>>> print(open('final_33.txt').read())   # compact mmCIF, C-alpha atoms
# COMPACT_ATOMS: atom_id res chain seq x y z
CA MET A 1 7.88 -26.47 -23.18
CA LYS A 2 4.95 -28.74 -22.65
CA GLU A 3 1.83 -27.32 -21.05
CA GLU A 4 1.86 -29.97 -18.32
CA GLN A 5 5.41 -29.08 -17.32
CA PHE A 6 4.59 -25.38 -17.24
CA ILE A 7 1.58 -26.01 -15.01
CA ALA A 8 3.70 -28.19 -12.70
CA ASP A 9 6.35 -25.45 -12.51
CA PHE A 10 3.65 -22.85 -11.86
CA LEU A 11 2.19 -24.84 -8.97
CA GLU A 12 5.62 -25.39 -7.47
CA ALA A 13 6.48 -21.69 -7.78
CA THR A 14 3.22 -20.42 -6.29
CA ASP A 15 3.31 -22.93 -3.39
CA PHE A 16 -0.47 -22.83 -2.87
CA ARG A 17 -1.43 -24.34 0.49
CA ASP A 18 -4.50 -26.15 -0.75
CA PRO A 19 -4.49 -28.37 -3.84
CA VAL A 20 -6.06 -26.53 -6.75
CA GLU A 21 -7.02 -27.70 -10.24
CA VAL A 22 -5.22 -25.51 -12.74
CA SER A 23 -5.33 -25.43 -16.52
CA LEU A 24 -4.10 -22.87 -19.02
CA ASP A 25 -7.67 -21.54 -19.13
CA SER A 26 -7.66 -20.80 -15.40
CA GLU A 27 -8.14 -17.15 -14.60
CA LEU A 28 -5.34 -16.08 -12.28
CA ARG A 29 -7.59 -13.76 -10.30
CA ASN A 30 -9.92 -16.65 -9.49
CA LEU A 31 -7.17 -18.80 -7.98
CA PRO A 32 -7.71 -18.53 -4.24
CA GLU A 33 -4.08 -17.87 -3.36
CA TRP A 34 -2.94 -15.86 -6.38
CA ASP A 35 -1.28 -13.20 -4.23
CA SER A 36 1.91 -11.16 -4.06
CA LEU A 37 3.88 -14.15 -2.77
CA ALA A 38 2.72 -16.29 -5.70
CA ALA A 39 3.65 -13.46 -8.06
CA LEU A 40 7.18 -13.35 -6.67
CA GLY A 41 7.47 -17.10 -7.11
CA VAL A 42 6.40 -16.86 -10.75
CA ILE A 43 8.92 -14.10 -11.52
CA VAL A 44 11.70 -16.23 -10.00
CA MET A 45 10.45 -19.27 -11.95
CA PHE A 46 10.67 -17.42 -15.27
CA ASP A 47 14.08 -16.04 -14.40
CA MET A 48 15.70 -19.24 -13.18
CA LYS A 49 13.94 -21.97 -15.17
CA TYR A 50 13.17 -20.26 -18.45
CA LYS A 51 15.80 -17.49 -18.46
CA LYS A 52 13.12 -14.91 -19.16
CA THR A 53 12.62 -11.57 -17.44
CA VAL A 54 9.02 -11.18 -16.38
CA THR A 55 7.92 -8.10 -14.44
CA GLY A 56 4.97 -7.16 -12.25
CA ASP A 57 3.46 -5.42 -15.29
CA HIS A 58 3.45 -8.69 -17.22
CA LEU A 59 1.65 -10.36 -14.33
CA ASP A 60 -0.86 -7.52 -13.99
CA LYS A 61 -1.77 -7.80 -17.68
CA ALA A 62 -2.10 -11.59 -17.63
CA VAL A 63 -5.71 -12.75 -17.30
CA GLN A 64 -5.44 -16.50 -17.82
CA LEU A 65 -2.53 -18.79 -17.01
CA ARG A 66 -2.22 -19.16 -20.79
CA ASP A 67 -1.07 -15.53 -20.95
CA LEU A 68 1.89 -16.43 -18.75
CA TYR A 69 2.57 -19.58 -20.76
CA LYS A 70 2.91 -17.43 -23.89
CA LEU A 71 5.72 -15.51 -22.20
CA VAL A 72 7.87 -18.64 -22.14
CA GLY A 73 8.23 -18.17 -25.91
CA MET B 1 29.92 6.16 -9.66
CA ALA B 2 32.88 4.61 -11.32
CA LYS B 3 34.40 1.80 -9.38
CA SER B 4 36.94 2.97 -6.87
CA THR B 5 39.72 1.82 -4.59
CA LEU B 6 40.41 3.10 -1.10
CA LYS B 7 43.87 2.75 0.33
CA ASN B 8 45.28 3.12 3.82
CA VAL B 9 41.98 2.26 5.53
CA ARG B 10 41.79 -0.62 7.99
CA TYR B 11 38.57 -2.35 8.99
CA ALA B 12 39.28 -2.46 12.72
CA GLY B 13 36.11 -4.05 14.10
CA MET B 14 32.36 -4.29 14.17
CA ALA B 15 29.62 -4.94 16.74
CA SER B 16 25.90 -5.58 16.33
CA CYS B 17 23.00 -4.97 18.69
CA VAL B 18 19.40 -6.17 18.46
CA PRO B 19 16.44 -5.61 20.79
CA GLN B 20 15.79 -8.31 23.39
CA ARG B 21 12.19 -8.67 22.25
CA VAL B 22 11.76 -11.18 19.45
CA VAL B 23 8.55 -11.56 17.44
CA SER B 24 7.65 -14.84 15.73
CA ASN B 25 5.94 -14.70 12.36
CA LEU B 26 4.35 -18.07 13.11
CA ILE B 27 3.17 -17.52 16.67
CA ASP B 28 2.58 -13.79 17.01
CA CYS B 29 -0.35 -13.56 14.63
CA ARG B 30 -4.06 -14.29 14.67
CA PRO B 31 -4.76 -18.04 14.84
CA GLU B 32 -6.61 -17.93 11.52
CA GLN B 33 -3.49 -16.49 9.88
CA ARG B 34 -1.18 -19.33 10.92
CA ALA B 35 -1.53 -21.57 7.86
CA GLU B 36 -0.97 -18.60 5.59
CA ARG B 37 2.01 -17.54 7.69
CA GLU B 38 3.58 -21.01 7.35
CA ARG B 39 3.50 -20.62 3.57
CA LEU B 40 4.93 -17.13 3.90
CA VAL B 41 7.75 -18.20 6.23
CA ARG B 42 8.59 -21.13 3.95
CA ASN B 43 9.03 -18.76 1.02
CA ILE B 44 10.51 -15.59 2.52
CA GLY B 45 12.61 -17.55 5.01
CA ILE B 46 11.91 -15.22 7.94
CA GLU B 47 10.61 -16.78 11.14
CA LEU B 48 11.84 -14.54 13.97
CA ARG B 49 12.31 -10.80 14.08
CA PRO B 50 13.95 -8.71 16.80
CA MET B 51 11.56 -5.84 17.44
CA ALA B 52 12.21 -2.87 19.66
CA PRO B 53 9.64 -1.87 22.29
CA GLU B 54 7.94 1.49 21.74
CA TRP B 55 10.38 3.44 23.87
CA GLN B 56 13.55 2.11 22.23
CA CYS B 57 15.07 4.09 19.36
CA PHE B 58 17.56 2.98 16.74
CA SER B 59 20.08 5.25 18.46
CA ASP B 60 19.67 3.31 21.75
CA LEU B 61 20.76 0.13 19.97
CA ALA B 62 23.51 1.96 18.10
CA PHE B 63 24.78 3.41 21.37
CA GLU B 64 25.16 -0.07 22.87
CA ALA B 65 26.95 -1.38 19.79
CA ALA B 66 29.31 1.62 19.74
CA GLN B 67 30.06 1.41 23.47
CA THR B 68 30.96 -2.26 23.22
CA LEU B 69 33.13 -1.76 20.17
CA ILE B 70 35.03 1.21 21.60
CA GLU B 71 35.75 -0.77 24.77
CA LYS B 72 36.83 -3.93 22.92
CA LEU B 73 39.14 -1.94 20.67
CA GLU B 74 40.43 0.01 23.67
CA TRP B 75 40.06 3.19 21.67
CA SER B 76 40.30 6.46 23.53
CA ARG B 77 37.11 8.48 22.92
CA ASP B 78 38.96 11.68 22.21
CA GLU B 79 40.83 10.09 19.27
CA ILE B 80 37.59 9.31 17.36
CA ASP B 81 37.48 11.99 14.68
CA ALA B 82 34.27 11.06 12.87
CA LEU B 83 30.88 9.54 13.67
CA ILE B 84 28.67 8.82 10.68
CA ILE B 85 25.19 7.37 11.04
CA ILE B 86 23.35 5.72 8.18
CA THR B 87 19.71 5.33 9.09
CA GLN B 88 16.15 6.13 8.11
CA SER B 89 15.09 5.93 11.76
CA ALA B 90 16.47 9.15 13.19
CA ASP B 91 15.53 10.20 16.72
CA TYR B 92 14.09 13.46 15.37
CA VAL B 93 13.39 15.00 11.98
CA ALA B 94 16.20 17.35 13.07
CA PRO B 95 18.84 17.58 14.45
CA ALA B 96 20.91 14.70 13.15
CA THR B 97 21.10 11.67 15.44
CA ALA B 98 24.88 11.41 14.99
CA ILE B 99 25.35 14.74 16.74
CA ILE B 100 23.23 13.60 19.68
CA LEU B 101 25.27 10.39 19.92
CA GLN B 102 28.55 12.34 19.76
CA ASP B 103 27.61 13.76 23.13
CA ARG B 104 26.04 10.58 24.52
CA LEU B 105 29.12 8.51 23.64
CA GLY B 106 31.41 11.08 25.22
CA LEU B 107 33.21 11.95 22.00
CA SER B 108 34.96 15.28 21.72
CA ASN B 109 33.52 18.44 20.18
CA SER B 110 36.04 18.16 17.37
CA THR B 111 34.27 15.02 16.09
CA ILE B 112 32.69 15.27 12.63
CA ALA B 113 29.16 13.92 13.09
CA PHE B 114 26.30 13.68 10.60
CA ASP B 115 23.56 11.39 9.32
CA VAL B 116 23.06 9.88 5.89
CA ASN B 117 19.63 8.81 4.69
CA LEU B 118 20.02 5.38 3.10
CA GLY B 119 18.29 2.07 3.77
CA CYS B 120 19.11 -1.48 2.75
CA SER B 121 22.01 -0.48 0.49
CA GLY B 122 23.65 1.66 3.15
CA TYR B 123 26.51 -0.39 4.55
CA PRO B 124 28.89 -0.29 1.54
CA PHE B 125 28.05 3.41 1.08
CA GLY B 126 28.92 4.08 4.71
CA LEU B 127 32.21 2.22 4.50
CA HIS B 128 33.07 4.21 1.40
CA LEU B 129 32.14 7.56 2.93
CA LEU B 130 34.02 7.12 6.19
CA GLY B 131 36.83 5.30 4.40
CA SER B 132 37.23 8.20 1.97
CA MET B 133 37.56 10.68 4.83
CA ILE B 134 40.24 8.51 6.43
CA SER B 135 42.04 7.85 3.16
CA ALA B 136 42.13 11.58 2.40
CA GLY B 137 43.89 12.28 5.68
CA GLY B 138 42.72 14.24 8.69
CA VAL B 139 40.40 11.63 10.11
CA ARG B 140 42.48 8.90 11.77
CA LYS B 141 39.76 6.87 13.46
CA GLY B 142 36.05 6.86 12.80
CA LEU B 143 32.85 5.08 13.70
CA LEU B 144 30.08 4.15 11.31
CA LEU B 145 26.71 3.38 12.93
CA VAL B 146 24.30 1.67 10.57
CA GLY B 147 20.81 0.28 10.96
CA ASP B 148 17.13 0.97 11.30
CA ARG B 149 14.11 0.57 13.48
CA CYS B 150 11.61 -0.59 10.90
CA ALA B 151 9.86 -3.63 12.44
CA GLN B 152 6.07 -3.58 12.64
CA ILE B 153 4.05 -6.31 14.25
CA GLY B 154 1.88 -6.85 11.17
CA ASN B 155 4.68 -6.77 8.61
CA PRO B 156 6.49 -10.14 8.52
CA ILE B 157 9.63 -8.86 6.77
CA PHE B 158 11.34 -6.16 8.77
CA SER B 159 13.29 -6.19 12.03
CA ASP B 160 15.27 -3.76 14.18
CA ALA B 161 19.03 -3.70 14.58
CA ALA B 162 22.01 -1.37 14.86
CA THR B 163 25.66 -1.95 14.15
CA ALA B 164 28.89 -0.10 14.83
CA THR B 165 31.91 -0.39 12.56
CA ALA B 166 35.35 1.03 13.29
CA LEU B 167 37.70 2.16 10.53
CA GLU B 168 41.16 3.62 11.03
CA PHE B 169 44.09 4.94 9.06
CA ASP B 170 46.72 2.26 8.41
CA SER B 171 49.30 2.66 5.68
CA GLY B 172 49.71 -1.13 5.61
CA ALA B 173 46.02 -1.91 5.09
CA ALA B 174 44.91 -3.89 2.04
CA PRO B 175 42.88 -1.80 -0.47
CA MET B 176 39.08 -1.73 -0.29
CA TYR B 177 37.17 -1.87 -3.59
CA PHE B 178 33.78 -0.27 -4.19
CA ASP B 179 31.02 -0.01 -6.76
CA LEU B 180 28.13 2.26 -5.71
CA ASN B 181 25.00 2.97 -7.79
CA SER B 182 21.64 4.75 -7.76
CA ASP B 183 18.45 4.63 -9.82
CA GLY B 184 15.95 7.20 -8.61
CA SER B 185 13.47 6.26 -11.36
CA GLY B 186 12.51 3.42 -9.02
CA HIS B 187 12.04 5.58 -5.93
CA GLN B 188 8.37 4.65 -5.60
CA ALA B 189 9.12 0.92 -5.38
CA ILE B 190 9.95 1.27 -1.66
CA ILE B 191 8.76 4.47 -0.08
CA TYR B 192 7.37 6.08 3.03
CA PRO B 193 5.05 8.29 0.99
CA VAL B 194 3.81 10.46 3.84
CA GLY B 195 5.62 12.64 6.35
CA GLY B 196 7.92 14.70 4.15
CA HIS B 197 7.16 17.97 2.41
CA ARG B 198 5.56 16.30 -0.64
CA GLU B 199 2.83 14.82 1.52
CA PRO B 200 2.76 16.09 5.09
CA VAL B 201 0.97 13.92 7.64
CA ALA B 202 -2.73 14.71 7.87
CA LEU B 203 -5.56 13.09 9.81
CA LYS B 204 -6.64 11.04 6.78
CA HIS B 205 -3.29 9.24 6.73
CA LEU B 206 -3.74 7.96 10.25
CA ILE B 207 -7.08 6.19 9.72
CA GLU B 208 -6.72 2.43 9.35
CA GLY B 209 -7.69 1.13 5.94
CA ARG B 210 -7.17 2.36 2.42
CA GLU B 211 -6.29 5.91 3.32
CA ARG B 212 -3.60 4.88 5.78
CA THR B 213 -0.38 5.62 3.99
CA VAL B 214 2.02 6.61 6.74
CA ASP B 215 3.47 3.11 6.61
CA LEU B 216 6.05 1.76 4.22
CA ASP B 217 4.74 1.15 0.72
CA LEU B 218 6.61 -1.69 -0.98
CA ASP B 219 6.14 -2.97 -4.53
CA GLY B 220 7.36 -6.53 -4.01
CA THR B 221 7.59 -7.56 -7.65
CA ALA B 222 9.50 -4.41 -8.62
CA VAL B 223 11.96 -4.89 -5.77
CA LEU B 224 12.47 -8.55 -6.62
CA SER B 225 13.09 -7.77 -10.29
CA PHE B 226 15.49 -4.95 -9.45
CA SER B 227 17.46 -7.05 -6.97
CA THR B 228 17.75 -10.22 -8.99
CA GLN B 229 18.59 -8.41 -12.25
CA ARG B 230 20.99 -5.77 -10.95
CA ILE B 231 22.94 -7.49 -8.22
CA PRO B 232 24.57 -10.54 -9.86
CA PRO B 233 26.26 -8.49 -12.62
CA ALA B 234 27.28 -5.83 -10.09
CA VAL B 235 29.08 -8.46 -8.03
CA GLU B 236 30.79 -9.93 -11.09
CA GLN B 237 31.91 -6.47 -12.22
CA LEU B 238 33.43 -5.57 -8.88
CA LEU B 239 35.34 -8.86 -8.77
CA ASP B 240 36.65 -8.14 -12.28
CA TYR B 241 37.68 -4.63 -11.27
CA ALA B 242 39.52 -5.90 -8.19
CA ARG B 243 40.98 -8.84 -10.14
CA VAL B 244 39.75 -11.23 -7.50
CA GLU B 245 38.32 -14.67 -8.18
CA LYS B 246 35.21 -15.86 -6.35
CA SER B 247 37.32 -18.61 -4.79
CA GLU B 248 39.54 -15.94 -3.20
CA VAL B 249 36.62 -14.46 -1.26
CA ASP B 250 36.02 -16.04 2.14
CA TYR B 251 32.36 -15.04 2.40
CA PHE B 252 29.75 -13.19 0.35
CA LEU B 253 27.52 -11.08 2.56
CA PHE B 254 24.32 -9.86 0.92
CA HIS B 255 21.66 -7.60 2.32
CA GLN B 256 19.09 -9.94 3.85
CA ALA B 257 15.99 -9.07 1.81
CA ASN B 258 14.03 -12.30 1.75
CA ARG B 259 14.86 -15.91 0.88
CA MET B 260 13.45 -15.73 -2.66
CA ILE B 261 15.58 -12.74 -3.57
CA ASN B 262 18.71 -13.93 -1.78
CA GLU B 263 18.58 -17.46 -3.13
CA THR B 264 18.02 -16.23 -6.68
CA ILE B 265 21.07 -13.97 -6.42
CA ARG B 266 23.17 -16.76 -4.91
CA LYS B 267 22.20 -19.26 -7.60
CA LYS B 268 22.78 -16.79 -10.43
CA LEU B 269 26.29 -16.19 -9.11
CA GLU B 270 26.80 -19.95 -8.68
CA LEU B 271 27.95 -19.55 -5.09
CA ALA B 272 27.91 -22.44 -2.63
CA PRO B 273 25.47 -21.94 0.30
CA GLU B 274 28.28 -22.20 2.85
CA LYS B 275 29.98 -19.17 1.27
CA VAL B 276 26.82 -17.06 1.57
CA PRO B 277 25.73 -16.87 5.22
CA SER B 278 22.10 -16.02 5.95
CA SER B 279 20.56 -14.61 9.09
CA LEU B 280 17.06 -14.27 7.63
CA ARG B 281 15.38 -17.02 9.65
CA ASP B 282 16.28 -15.63 13.08
CA PHE B 283 16.77 -11.92 12.36
CA GLY B 284 14.58 -10.98 9.38
CA ASN B 285 15.33 -8.01 7.14
CA SER B 286 17.06 -5.43 9.31
CA SER B 287 17.57 -2.91 6.50
CA SER B 288 21.09 -1.47 6.37
CA ALA B 289 22.17 -3.45 9.45
CA SER B 290 21.61 -6.81 7.80
CA ILE B 291 25.10 -7.26 6.31
CA PRO B 292 27.07 -6.59 9.51
CA LEU B 293 24.40 -8.31 11.64
CA THR B 294 24.77 -11.45 9.53
CA MET B 295 28.51 -11.29 10.11
CA THR B 296 28.00 -11.12 13.87
CA ALA B 297 25.17 -13.63 14.10
CA ARG B 298 26.44 -16.26 11.71
CA LEU B 299 30.19 -15.89 11.38
CA ASN B 300 31.67 -14.25 14.41
CA GLN B 301 34.17 -16.97 15.31
CA GLN B 302 35.12 -17.67 11.70
CA LEU B 303 35.58 -13.96 10.90
CA GLU B 304 38.65 -13.73 13.08
CA GLY B 305 40.35 -16.26 10.79
CA SER B 306 39.01 -14.74 7.57
CA GLN B 307 40.55 -12.24 5.26
CA ARG B 308 38.37 -11.07 2.43
CA LEU B 309 34.64 -10.39 2.40
CA LEU B 310 32.42 -9.25 -0.43
CA MET B 311 29.47 -7.21 0.82
CA CYS B 312 26.51 -6.10 -1.24
CA GLY B 313 23.61 -3.92 -0.13
CA PHE B 314 20.57 -3.11 -2.26
CA GLY B 315 17.10 -1.65 -1.91
CA ILE B 316 15.26 1.60 -1.20
CA GLY B 317 16.28 4.45 -3.50
CA LEU B 318 16.71 2.46 -5.58
CA SER B 319 20.30 2.10 -4.57
CA TRP B 320 22.91 -0.65 -4.59
CA GLY B 321 26.52 -0.92 -3.55
CA THR B 322 29.14 -3.64 -3.50
CA CYS B 323 32.53 -3.69 -1.80
CA LEU B 324 35.45 -6.00 -1.18
CA VAL B 325 36.91 -5.54 2.25
CA ASP B 326 39.87 -7.12 4.01
CA ILE B 327 38.96 -7.82 7.64
CA ARG B 328 42.21 -9.41 8.76
CA ASP B 329 42.82 -9.01 12.51
CA ALA B 330 39.60 -7.08 13.04
CA CYS B 331 37.71 -7.32 16.33
CA PHE B 332 34.22 -8.86 16.37
CA PRO B 333 32.43 -8.80 19.76
CA ASP B 334 29.55 -11.23 20.34
CA LEU B 335 26.00 -10.18 19.47
CA ILE B 336 24.53 -7.69 21.96
CA ARG B 337 20.86 -7.88 22.99
CA ALA B 338 19.65 -4.68 24.65
>>> encode(input="final_33.txt", output="structure tokens")
Amino acid sequence: MKEEQFIADFLEATDFRDPVEVSLDSELRNLPEWDSLAALGVIVMFDMKYKKTVTGDHLDKAVQLRDLYKLVG
Amino acid sequence: MAKSTLKNVRYAGMASCVPQRVVSNLIDCRPEQRAERERLVRNIGIELRPMAPEWQCFSDLAFEAAQTLIEKLEWSRDEIDALIIITQSADYVAPATAIILQDRLGLSNSTIAFDVNLGCSGYPFGLHLLGSMISAGGVRKGLLLVGDRCAQIGNPIFSDAATATALEFDSGAAPMYFDLNSDGSGHQAIIYPVGGHREPVALKHLIEGRERTVDLDLDGTAVLSFSTQRIPPAVEQLLDYARVEKSEVDYFLFHQANRMINETIRKKLELAPEKVPSSLRDFGNSSSASIPLTMTARLNQQLEGSQRLLMCGFGIGLSWGTCLVDIRDACFPDLIRA
């Protein structure tokens, strides 16, 4: 999984209203619309696209987007 | 519970009732919330929600649904042996709402009437409970009233609805198949934390802000994970048990949770959209009423030519149940707005 593809998937899953520059170093908490809806989108993304089970605990522990990227395995 | 089969029980009919008032998630909010609401509606798939006025109880909607169904079926009221209500929106803490409705509907004093406290998973559980009483003998005809009054103006998910389902003894009826499950370790994922004996209502709970906990507390990620992990295998297992292929099921009716959950379940089961009707956009998440309400709102005409439905409810408890039901020749009145 290339980083660029993961970031594209992440942006599609989170469906942020306003365009936002995201890199793997981005801190999730600093993204303006990183909210419960975005979290649900990311869990579905992992489940359907990467066949990985990610829970709310995983998301709570993730600081940077890179931490989620590592979960792809 | 192990999977089970009920024999000699006929699904005779079903009616649904929603409040006349409808709230829009896009319009009925503060202007500054609209852009955010558009994103929300796009993702959860819920635009409109029937919402009862303050004075209207779940039982008022259930009464209308039951009245209509009894009349359409031309059932005599004194031959209805059981009235079971599945709700978390009782008229009073006690007595049970079913007993109040026994009188209001003009049913006889020999009617068995009681409430069951289940939410979004409730419909298959209710069919199993009433169906078991009929299958065992004694109860010949029974009504199952299912639904909730859980809409709040600020919560974009939930709506209000009530449904009435009629089951009767019929030695020629096709078997019904069930798989019912519970996982109380997840009870805090969806909970009204205040108002019971663990946490009686106190003044602090009624103050807006962080201390206000009388409202529903929902852990969205936990509910999504539970639903999308548990439900697809549960459906597959019930089909295996009943020896029924997906292609032999006319429609798959899932609890209407939100679009993300429902679409994930549908895709995992590789079901075509036209086999999985949705009422989310116009009716929201109406808790235990959502399966029968979707039947009324989306399928009513087609149902009269259908035979086999798979229904699956899941949610608060945590609790989930799946059933395969033959609805041949059942009666389905049009949607009631009261």
>>> closest_atom_pairs(input="final_33.txt", of="chain A", to="chain B", cutoff="8 Å", atoms="only C-alpha atoms", output="tab-separated table")
residue	atom	partner	partner_atom	distance
A:Asp15	CA	B:Arg39	CA	7.3
A:Phe16	CA	B:Arg39	CA	7.9
A:Arg17	CA	B:Arg39	CA	6.9
A:Ser36	CA	B:Gly220	CA	7.2
A:Leu37	CA	B:Leu40	CA	7.4
A:Ala39	CA	B:Thr221	CA	7.1
A:Leu40	CA	B:Thr221	CA	5.9
A:Gly41	CA	B:Met260	CA	7.6
A:Ile43	CA	B:Ser225	CA	7.7
A:Val44	CA	B:Thr264	CA	7.1
A:Met48	CA	B:Thr264	CA	7.5
A:Thr55	CA	B:Ser225	CA	6.6
A:Gly56	CA	B:Thr221	CA	5.3
>>> atom_distance(input="final_33.txt", atom1="CA of Lys70 (chain A)", atom2="CA of Leu24 (chain A)")
10.1 Å
>>> closest_residue(input="final_33.txt", among="B:Asn8, B:Ser286, B:Ser132, B:Thr165", to="Phe178 (chain B)", atoms="all atoms listed in the file")
B:Ser132
>>> atom_distance(input="final_33.txt", atom1="CA of Arg77 (chain B)", atom2="CA of Thr5 (chain B)")
28.4 Å
>>> atom_distance(input="final_33.txt", atom1="CA of Phe254 (chain B)", atom2="CA of Cys17 (chain B)")
18.5 Å
>>> residues_around(input="final_33.txt", residues="Gly138 (chain B)", least_positions_apart="5", cutoff="12 Å", atoms="only C-alpha atoms", output="JSON, numbers by chain")
{"B": [79, 80, 81, 82, 110, 111, 112, 130, 131, 132, 133, 168, 169]}
>>> closest_residue(input="final_33.txt", among="A:Thr53, A:Trp34, A:Ser26, A:Arg66", to="Thr14 (chain A)", atoms="only C-alpha atoms")
A:Trp34
>>> closest_residue(input="final_33.txt", among="B:Glu208, B:Glu270, B:Asp282, B:Glu71", to="Val41 (chain B)", atoms="only C-alpha atoms")
B:Asp282
>>> closest_residue(input="final_33.txt", among="A:Asp47, A:Asp18, A:Glu3, A:Asp60", to="Pro32 (chain A)", atoms="only C-alpha atoms")
A:Asp18
>>> residues_around(input="final_33.txt", residues="Arg29 (chain A)", least_positions_apart="5", cutoff="10 Å", atoms="all atoms listed in the file", output="list in words")
Trp34, Asp35, Asp60, Ala62, Val63, Gln64 and Leu65 of chain A
>>> closest_residue(input="final_33.txt", among="B:Leu167, B:Leu69, B:Ala272, B:Leu83", to="Ile134 (chain B)", atoms="all atoms listed in the file")
B:Leu167
>>> closest_residue(input="final_33.txt", among="B:Thr213, B:Ser4, B:Asn181, B:Asn117", to="Thr87 (chain B)", atoms="only C-alpha atoms")
B:Asn117
>>> residues_near_point(input="final_33.txt", point="(26.0, -11.0, 9.6)", cutoff="10 Å", atoms="only C-alpha atoms", output="ChimeraX atom specification")
/B:16,253-256,277-280,283,289-300,335
>>> residues_around(input="final_33.txt", residues="Arg149 (chain B)", least_positions_apart="4", cutoff="6 Å", atoms="all atoms listed in the file", output="mmCIF file with C-alpha atoms, in the frame of the given file")
data_model
loop_
_atom_site.group_PDB
_atom_site.id
_atom_site.type_symbol
_atom_site.label_atom_id
_atom_site.label_comp_id
_atom_site.auth_asym_id
_atom_site.auth_seq_id
_atom_site.Cartn_x
_atom_site.Cartn_y
_atom_site.Cartn_z
ATOM 1 C CA PHE B 58 17.560 2.980 16.740
ATOM 2 C CA SER B 89 15.090 5.930 11.760
ATOM 3 C CA ASP B 160 15.270 -3.760 14.180
#
>>> residues_around(input="final_33.txt", residues="Val42 (chain A)", least_positions_apart="6", cutoff="9 Å", atoms="only C-alpha atoms", output="PyMOL selection string")
chain A and resi 9-10+13-14+54+59
>>> build_atoms(input="final_33.txt", residues="region 269-284 of chain B", atoms="N, CA and C atoms", output="tab-separated table (two decimals), keeping the file's coordinate frame")
chain	number	residue	atom	x	y	z
B	269	LEU	N	24.84	-16.37	-9.23
B	269	LEU	CA	26.29	-16.19	-9.11
B	269	LEU	C	27.02	-17.52	-8.92
B	270	GLU	N	26.24	-18.60	-8.85
B	270	GLU	CA	26.80	-19.95	-8.68
B	270	GLU	C	27.72	-20.02	-7.47
B	271	LEU	N	27.19	-19.52	-6.35
B	271	LEU	CA	27.95	-19.55	-5.09
B	271	LEU	C	27.41	-20.67	-4.20
B	272	ALA	N	28.31	-21.37	-3.54
B	272	ALA	CA	27.91	-22.44	-2.63
B	272	ALA	C	27.23	-21.84	-1.40
B	273	PRO	N	26.19	-22.50	-0.86
B	273	PRO	CA	25.47	-21.94	0.30
B	273	PRO	C	26.40	-21.62	1.47
B	274	GLU	N	27.42	-22.44	1.69
B	274	GLU	CA	28.28	-22.20	2.85
B	274	GLU	C	29.16	-20.94	2.70
B	275	LYS	N	29.23	-20.41	1.48
B	275	LYS	CA	29.98	-19.17	1.27
B	275	LYS	C	29.08	-17.93	1.41
B	276	VAL	N	27.78	-18.17	1.55
B	276	VAL	CA	26.82	-17.06	1.57
B	276	VAL	C	25.96	-17.18	2.84
B	277	PRO	N	26.48	-16.72	3.97
B	277	PRO	CA	25.73	-16.87	5.22
B	277	PRO	C	24.41	-16.10	5.19
B	278	SER	N	23.42	-16.66	5.87
B	278	SER	CA	22.10	-16.02	5.95
B	278	SER	C	21.67	-15.92	7.40
B	279	SER	N	21.12	-14.77	7.75
B	279	SER	CA	20.56	-14.61	9.09
B	279	SER	C	19.05	-14.37	9.02
B	280	LEU	N	18.47	-14.60	7.84
B	280	LEU	CA	17.06	-14.27	7.63
B	280	LEU	C	16.14	-14.97	8.62
B	281	ARG	N	16.34	-16.26	8.85
B	281	ARG	CA	15.38	-17.02	9.65
B	281	ARG	C	15.23	-16.44	11.06
B	282	ASP	N	16.34	-16.07	11.68
B	282	ASP	CA	16.28	-15.63	13.08
B	282	ASP	C	16.29	-14.12	13.26
B	283	PHE	N	16.62	-13.37	12.20
B	283	PHE	CA	16.77	-11.92	12.36
B	283	PHE	C	16.00	-11.10	11.33
B	284	GLY	N	15.38	-11.72	10.35
B	284	GLY	CA	14.58	-10.98	9.38
B	284	GLY	C	15.41	-10.02	8.53
